[in-house]
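Colleague: What follows is coords16.cif; its format and atoms are mmCIF, C-alpha atoms.
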data_input
#
loop_
_atom_site.label_atom_id
_atom_site.label_comp_id
_atom_site.auth_asym_id
_atom_site.auth_seq_id
_atom_site.Cartn_x
_atom_site.Cartn_y
_atom_site.Cartn_z
CA SER A 925 126.99 45.95 -62.42
CA GLU A 926 124.63 47.55 -64.92
CA ARG A 927 127.43 47.89 -67.48
CA LEU A 928 128.39 44.25 -66.96
CA ILE A 929 124.79 43.05 -67.55
CA LYS A 930 124.52 45.26 -70.61
CA GLY A 931 127.76 43.81 -71.99
CA ILE A 932 126.57 40.24 -71.40
CA ASN A 933 123.26 40.95 -73.16
CA MET A 934 125.02 42.50 -76.14
CA LYS A 935 127.37 39.51 -76.40
CA ARG A 936 124.42 37.09 -76.22
CA GLU A 937 122.53 38.95 -78.94
CA LYS A 938 125.65 38.97 -81.11
CA ASN A 939 126.04 35.20 -80.69
CA HIS A 940 122.38 34.60 -81.60
CA SER A 941 122.79 36.74 -84.71
CA SER A 942 125.95 34.85 -85.72
CA ILE A 943 124.26 31.46 -85.25
CA LEU A 944 121.27 32.58 -87.31
CA LYS A 945 123.57 33.81 -90.07
CA ILE A 946 125.51 30.51 -90.10
CA VAL A 947 122.28 28.48 -90.33
CA LYS A 948 121.01 30.67 -93.16
CA ASN A 949 124.26 30.42 -95.14
CA SER A 950 124.43 26.64 -94.61
CA ILE A 951 120.89 26.05 -95.91
CA VAL A 952 121.45 28.25 -98.96
CA THR A 953 124.78 26.54 -99.71
CA ILE A 954 123.30 23.03 -99.46
CA ILE A 955 120.40 23.93 -101.77
CA MET A 956 122.66 25.64 -104.32
CA VAL A 957 125.26 22.85 -104.37
CA SER A 958 122.63 20.09 -104.62
CA SER A 959 120.75 21.85 -107.40
CA PHE A 960 123.83 22.60 -109.48
CA ALA A 961 125.18 19.07 -108.93
CA ILE A 962 121.96 17.61 -110.34
CA CYS A 963 122.18 20.02 -113.28
CA TYR A 964 125.77 18.94 -113.88
CA PHE A 965 124.83 15.23 -113.88
CA ALA A 966 121.95 15.86 -116.25
CA LEU A 967 123.97 17.96 -118.71
CA VAL A 968 127.06 15.74 -118.74
CA ALA A 969 124.97 12.58 -119.09
CA ARG A 970 123.07 14.14 -121.98
CA LYS A 971 126.25 15.18 -123.81
CA GLN A 972 128.12 11.91 -123.18
CA GLY A 973 125.42 9.49 -124.24
CA GLY A 974 123.92 9.04 -120.81
CA VAL A 975 127.22 8.65 -118.93
CA ALA A 976 128.43 11.12 -116.30
CA VAL A 977 131.64 9.82 -114.73
CA ILE A 978 132.45 11.05 -111.22
CA GLY A 979 135.85 9.72 -110.24
CA SER A 980 135.51 5.94 -110.59
CA TYR A 981 131.71 5.89 -110.39
CA ILE A 982 128.89 6.42 -112.87
CA PRO A 983 125.36 7.51 -111.86
CA VAL A 984 122.68 6.08 -114.14
CA SER A 985 118.97 6.92 -114.14
CA ILE A 986 116.77 3.82 -114.45
CA GLN A 987 113.94 4.11 -116.98
CA SER A 988 112.31 0.68 -116.85
CA ASP A 989 111.32 -2.07 -114.41
CA SER A 990 113.25 -4.86 -116.17
CA MET A 991 115.38 -5.25 -113.01
CA ARG A 992 112.59 -4.60 -110.52
CA ASP A 993 113.90 -7.25 -108.10
CA VAL A 994 117.10 -5.19 -107.67
CA PHE A 995 116.16 -1.59 -108.54
CA LYS A 996 113.09 0.14 -109.90
CA LYS A 997 112.14 2.66 -112.56
CA GLY A 998 113.00 6.15 -111.31
CA ASP A 999 115.90 5.00 -109.11
CA LEU A 1000 119.43 6.31 -109.53
CA ILE A 1001 122.00 3.52 -109.54
CA ILE A 1002 125.75 3.87 -109.04
CA SER A 1003 128.01 1.69 -111.17
CA LYS A 1004 131.76 1.38 -110.70
CA LYS A 1005 133.67 2.26 -113.85
CA TYR A 1006 134.70 -0.88 -115.75
CA ASP A 1007 138.19 -1.59 -117.02
CA GLU A 1008 139.64 -4.67 -118.69
CA LYS A 1009 141.26 -5.77 -115.41
CA SER A 1010 137.84 -6.09 -113.77
CA LYS A 1011 136.74 -9.70 -113.36
CA LEU A 1012 133.20 -10.47 -114.48
CA GLU A 1013 131.09 -13.42 -113.40
CA VAL A 1014 127.63 -14.76 -114.11
CA LYS A 1015 125.01 -12.93 -111.97
CA ASP A 1016 127.07 -9.73 -111.96
CA ILE A 1017 124.98 -6.70 -112.93
CA ILE A 1018 126.60 -4.47 -115.53
CA THR A 1019 125.82 -1.16 -117.19
CA PHE A 1020 126.52 -1.30 -120.94
CA TYR A 1021 125.75 0.27 -124.29
CA THR A 1022 123.09 -1.52 -126.31
CA LEU A 1023 120.50 -0.85 -129.01
CA ILE A 1024 117.14 0.34 -127.68
CA ASN A 1025 114.56 0.92 -130.43
CA ASN A 1026 117.43 0.98 -132.95
CA ARG A 1027 119.19 3.72 -130.99
CA ARG A 1028 122.37 3.42 -128.95
CA GLY A 1029 121.65 3.77 -125.25
CA LEU A 1030 122.54 2.51 -121.78
CA ASN A 1031 121.10 -0.56 -120.13
CA THR A 1032 121.79 -2.27 -116.82
CA HIS A 1033 121.08 -6.00 -116.69
CA MET A 1034 122.39 -9.16 -115.07
CA ILE A 1035 124.98 -11.42 -116.78
CA VAL A 1036 123.60 -14.89 -117.50
CA LYS A 1037 126.37 -16.21 -119.77
CA ILE A 1038 130.01 -15.40 -120.60
CA TRP A 1039 132.05 -16.97 -123.42
CA PHE A 1040 134.87 -16.21 -125.85
CA ASP A 1041 134.66 -16.41 -129.61
CA ASN A 1042 137.31 -17.79 -131.97
CA ASP A 1043 139.22 -14.49 -131.78
CA LYS A 1044 139.26 -14.77 -127.95
CA CYS A 1045 136.95 -11.76 -127.65
CA MET A 1046 134.62 -11.79 -124.66
CA LYS A 1047 130.91 -12.11 -125.37
CA ILE A 1048 128.24 -11.56 -122.73
CA GLN A 1049 124.57 -12.42 -122.69
CA THR A 1050 122.37 -10.43 -120.29
CA LYS A 1051 118.84 -10.55 -118.96
CA GLY A 1052 116.56 -8.37 -116.90
CA THR A 1053 115.57 -10.23 -113.73
CA ASN A 1054 111.97 -9.17 -114.34
CA ASN A 1055 112.01 -10.26 -118.00
CA ASP A 1056 111.00 -13.70 -119.30
CA VAL A 1057 113.64 -13.91 -122.03
CA VAL A 1058 117.30 -13.01 -122.39
CA ASP A 1059 118.41 -9.88 -124.26
CA GLU A 1060 118.89 -10.24 -128.00
CA TYR A 1061 121.88 -7.92 -128.03
CA ILE A 1062 125.17 -9.71 -127.31
CA VAL A 1063 127.38 -7.43 -125.22
CA LYS A 1064 131.02 -6.96 -126.21
CA GLN A 1065 133.71 -5.97 -123.75
CA SER A 1066 133.95 -2.53 -125.38
CA ASP A 1067 130.24 -1.96 -124.65
CA ILE A 1068 130.63 -2.30 -120.88
CA VAL A 1069 130.51 0.97 -118.93
CA GLY A 1070 130.39 -0.10 -115.30
CA ILE A 1071 129.51 -2.71 -112.67
CA TYR A 1072 126.48 -2.08 -110.48
CA THR A 1073 127.18 -1.23 -106.81
CA CYS A 1074 124.12 0.40 -105.22
CA ARG A 1075 120.93 2.40 -105.81
CA ILE A 1076 119.35 5.62 -104.55
CA PRO A 1077 115.52 5.40 -104.70
CA TYR A 1078 113.59 7.94 -106.82
CA VAL A 1079 116.54 10.28 -107.48
CA GLY A 1080 116.56 9.11 -111.09
CA LEU A 1081 113.19 10.80 -111.60
CA ILE A 1082 114.78 14.12 -110.67
CA ILE A 1083 117.67 13.54 -113.09
CA GLN A 1084 115.25 12.69 -115.91
CA PHE A 1085 113.20 15.79 -115.18
CA MET A 1086 116.34 17.97 -115.15
CA GLN A 1087 117.28 16.70 -118.61
CA THR A 1088 114.21 18.45 -120.02
CA ARG A 1089 114.36 22.16 -120.88
CA PHE A 1090 111.67 23.03 -118.35
CA GLY A 1091 113.35 20.93 -115.65
CA PHE A 1092 116.72 22.55 -116.28
CA PHE A 1093 115.13 26.00 -116.04
CA ILE A 1094 113.45 25.08 -112.75
CA CYS A 1095 116.71 23.68 -111.38
CA ILE A 1096 118.44 27.00 -112.04
CA LEU A 1097 115.55 29.19 -110.88
CA PHE A 1098 114.53 27.18 -107.79
CA PRO A 1099 117.70 27.71 -105.69
CA LEU A 1100 117.73 31.41 -106.54
CA VAL A 1101 114.12 31.82 -105.37
CA VAL A 1102 114.76 29.79 -102.20
CA ALA A 1103 117.93 31.79 -101.46
CA PHE A 1104 115.97 35.03 -101.90
CA LEU A 1105 113.18 33.84 -99.57
CA ILE A 1106 115.67 32.70 -96.91
CA GLN A 1107 117.49 36.04 -97.13
CA LEU A 1108 114.15 37.84 -96.85
CA LEU A 1109 113.20 35.79 -93.79
CA TYR A 1110 116.61 36.45 -92.24
CA THR A 1111 116.19 40.21 -92.82
CA ILE A 1112 112.71 40.18 -91.25
CA ILE A 1113 113.99 38.32 -88.18
CA GLN A 1114 116.94 40.71 -87.85
CA TYR A 1115 114.58 43.69 -88.14
CA ALA A 1116 112.25 42.21 -85.50
CA LEU A 1117 115.18 41.66 -83.13
CA LEU A 1118 116.39 45.22 -83.76
CA ARG A 1119 112.91 46.63 -83.06
CA LYS A 1120 112.76 44.57 -79.89
CA ASP A 1121 116.11 45.96 -78.76
CA GLU A 1122 114.94 49.50 -79.57
CA ASN A 1123 111.75 49.02 -77.56
CA VAL A 1124 113.69 47.64 -74.60
CA GLN A 1125 116.12 50.55 -74.79
CA ARG A 1126 113.20 53.01 -75.05
CA VAL A 1127 111.63 51.55 -71.90
CA LYS A 1128 114.97 51.79 -70.09
CA ASN A 1129 115.38 55.41 -71.18
CA ASN A 1130 111.84 56.27 -70.05
CA TYR A 1131 112.48 54.55 -66.73
CA THR A 1132 115.75 56.46 -66.28
CA GLU A 1133 114.09 59.77 -67.15
CA GLU A 1134 111.27 59.08 -64.67
CA ILE A 1135 113.78 58.28 -61.93
CA MET A 1136 115.65 61.53 -62.64
CA ARG A 1137 112.40 63.51 -62.61
CA LEU A 1138 111.41 62.00 -59.25
CA LYS A 1139 114.84 62.76 -57.84
CA GLN A 1140 114.55 66.37 -58.98
CA GLN A 1141 111.11 66.65 -57.38
CA GLY A 1142 112.54 65.11 -54.24
CA ASN A 1143 115.35 67.69 -54.17
CA VAL A 1144 112.86 70.53 -54.62
CA LEU A 1145 110.68 69.23 -51.80
CA GLU A 1146 113.73 68.81 -49.58
CA LYS A 1147 114.76 72.43 -50.21
CA GLN A 1148 111.23 73.66 -49.47
CA LEU A 1149 111.22 71.63 -46.26
CA ASP A 1150 114.56 73.13 -45.20
CA GLN A 1151 113.26 76.64 -45.90
CA SER A 1152 110.16 75.99 -43.84
CA ARG A 1153 112.29 74.79 -40.95
CA ASP A 1154 114.51 77.90 -41.14
CA GLU A 1155 111.49 80.25 -41.14
CA HIS A 1156 109.98 78.37 -38.23
CA SER A 1157 113.24 78.67 -36.27
CA LYS A 1158 113.42 82.45 -36.89
CA MET A 1159 109.85 82.96 -35.70
CA ASN A 1160 110.64 81.16 -32.47
#
When written as C-alpha cells, how does the structure in this file appear?

Modeller:
Amino acid sequence: SERLIKGINMKREKNHSSILKIVKNSIVTIIMVSSFAICYFALVARKQGGVAVIGSYIPVSIQSDSMRDVFKKGDLIISKKYDEKSKLEVKDIITFYTLINNRRGLNTHMIVKIWFDNDKCMKIQTKGTNNDVVDEYIVKQSDIVGIYTCRIPYVGLIIQFMQTRFGFFICILFPLVVAFLIQLLYTIIQYALLRKDENVQRVKNNYTEEIMRLKQQGNVLEKQLDQSRDEHSKMN
C-alpha cells in the first residue's frame, strides 16, 4: 500500500513537471515566433519599398489619418495582392505606389473614378475619405499593389518602430531576455518543488527512524519484563 501511494505521488509530480515544462516552452515559442515575424515584416518591407508579400496578402503600416473612417494611423492593414485579372470598381480601396513629398512610396486610398485613355490603359483617381480633395497623382495599373481587405488596430505602430535601428535591436533582444527570465522562473519553481520533496522525504525518514527506535526500546523492555518474570518464578 505504501509503495502504491509512493508510486502515485511520483507519477503526479512527474505530470506536474511535464505540464509546467510544456507551458514554459509554449510561451517562449510564441514570443520568439511573434518577435521574429515582426522583424521579418519590417526588414522585407524596408528592402522592397514598403511591401512585404506573404502568400497572396500584403501587410501595410498606416502612417496617416487620410482614411480615418476606415482605418487609422498606426493600424496594420492587409491588402490582397493585385493582378490584372482583378476587377476594380469605384469605392474599392487599393494600395498603390505614388509620390509622397517627391519620393516613391505606398498609399492606400479609395477609388473615386476609373477611365481608359486613348491607348486603352487604365487610369484611376483616388481620394482619402478624410480628405477634402482628390489625390493629384493619377494611378496607373502598374502602380497598384493590392486591394484592401481588413485592418489590425495599432500593430502598424510596432512595425514602424521595428523599422528603426533601436526598434530592431529591441525586437531581437526582448525575446532573448524574456526567454531567459522564463527559464530562470522555471528553474526556481523546479528547485522549490525539489526542496519540498526533500523535506517531505526527510520527515518520512525521521518518522521511520523514530518508529524503529521505539520498537527497539519496546523489545528491550519486553526482554527485561521476561527476565523479571523468570527470576520471580525461581524465587517462588

Colleague: Against region 1046-1068 of chain A, which residues of region 989-1042 of chain A fall within 8 Å? For each one I want the closest pair of atoms and the distance in Å (one decimal), counting all atoms listed in the file, rows by chain and increasing residue number, as a Markdown table.

Modeller:
| residue | atom | partner | partner_atom | distance |
| --- | --- | --- | --- | --- |
| A:Asp989 | CA | A:Asn1054 | CA | 7.1 |
| A:Ser990 | CA | A:Asn1054 | CA | 4.9 |
| A:Met991 | CA | A:Thr1053 | CA | 5.0 |
| A:Arg992 | CA | A:Asn1054 | CA | 6.0 |
| A:Asp993 | CA | A:Thr1053 | CA | 6.6 |
| A:Tyr1006 | CA | A:Ile1068 | CA | 6.7 |
| A:Glu1008 | CA | A:Gln1065 | CA | 7.9 |
| A:Ile1018 | CA | A:Ile1068 | CA | 7.0 |
| A:Thr1019 | CA | A:Ile1068 | CA | 6.2 |
| A:Phe1020 | CA | A:Ile1068 | CA | 4.2 |
| A:Tyr1021 | CA | A:Asp1067 | CA | 5.0 |
| A:Thr1022 | CA | A:Tyr1061 | CA | 6.7 |
| A:Leu1023 | CA | A:Tyr1061 | CA | 7.3 |
| A:His1033 | CA | A:Gly1052 | CA | 5.1 |
| A:Met1034 | CA | A:Thr1050 | CA | 5.4 |
| A:Ile1035 | CA | A:Thr1050 | CA | 4.5 |
| A:Val1036 | CA | A:Thr1050 | CA | 5.4 |
| A:Lys1037 | CA | A:Gln1049 | CA | 5.1 |
| A:Ile1038 | CA | A:Ile1048 | CA | 4.7 |
| A:Trp1039 | CA | A:Lys1047 | CA | 5.4 |
| A:Phe1040 | CA | A:Met1046 | CA | 4.6 |
| A:Asp1041 | CA | A:Met1046 | CA | 6.8 |

Colleague: Please write out, as AutoDock Vina command-line options, where the centre of an axis-aligned box around all listed atoms of region 1100-1116 of chain A lies and how long its edges are, in Å to one decimal, after adding 4 Å on each side.

Modeller:
--center_x 115.1 --center_y 36.7 --center_z -96.0 --size_x 13.7 --size_y 21.9 --size_z 29.0

Colleague: In Å, how far is it from CA of Ser985 (chain A) to CA of Ile1002 (chain A)?

Modeller: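 Interatomic distance here is 9.0 Å.
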
Colleague: Translate the PyMOL selection byres ((chain A and resi 981) around 6) into a concrete residue list for this structure, as a list of chain:residue names.

Modeller: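 Output from the PyMOL selection byres ((chain A and resi 981) around 6), applied to this file: A:Val977, A:Ile978, A:Gly979, A:Ser980, A:Ile982, A:Ser1003, A:Lys1004, A:Lys1005.
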
Colleague: For the PyMOL selection byres ((chain A and resi 1000) around 10), applied here, can you spell out every residue it catches as number ranges by chain?

Modeller: A: 983-987, 995-999, 1001-1003, 1074-1084

Colleague: One decimal, Å: what's the distance from CA of Gly1070 (chain A) over to CA of Phe960 (chain A), could you say?

Modeller: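 Distance between the two atoms: 24.3 Å.
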
Colleague: With distances taken over all atoms listed in the file, which of A:Ile951, A:Val1014, A:Ala1116, A:Val994 is nearest to Thr1073 (chain A)?

Modeller: A:Val994

Colleague: Quick check, in Å to one decimal: how far apart do CA of Tyr1110 (chain A) and CA of Ile954 (chain A) lie?

Modeller: 16.6 Å
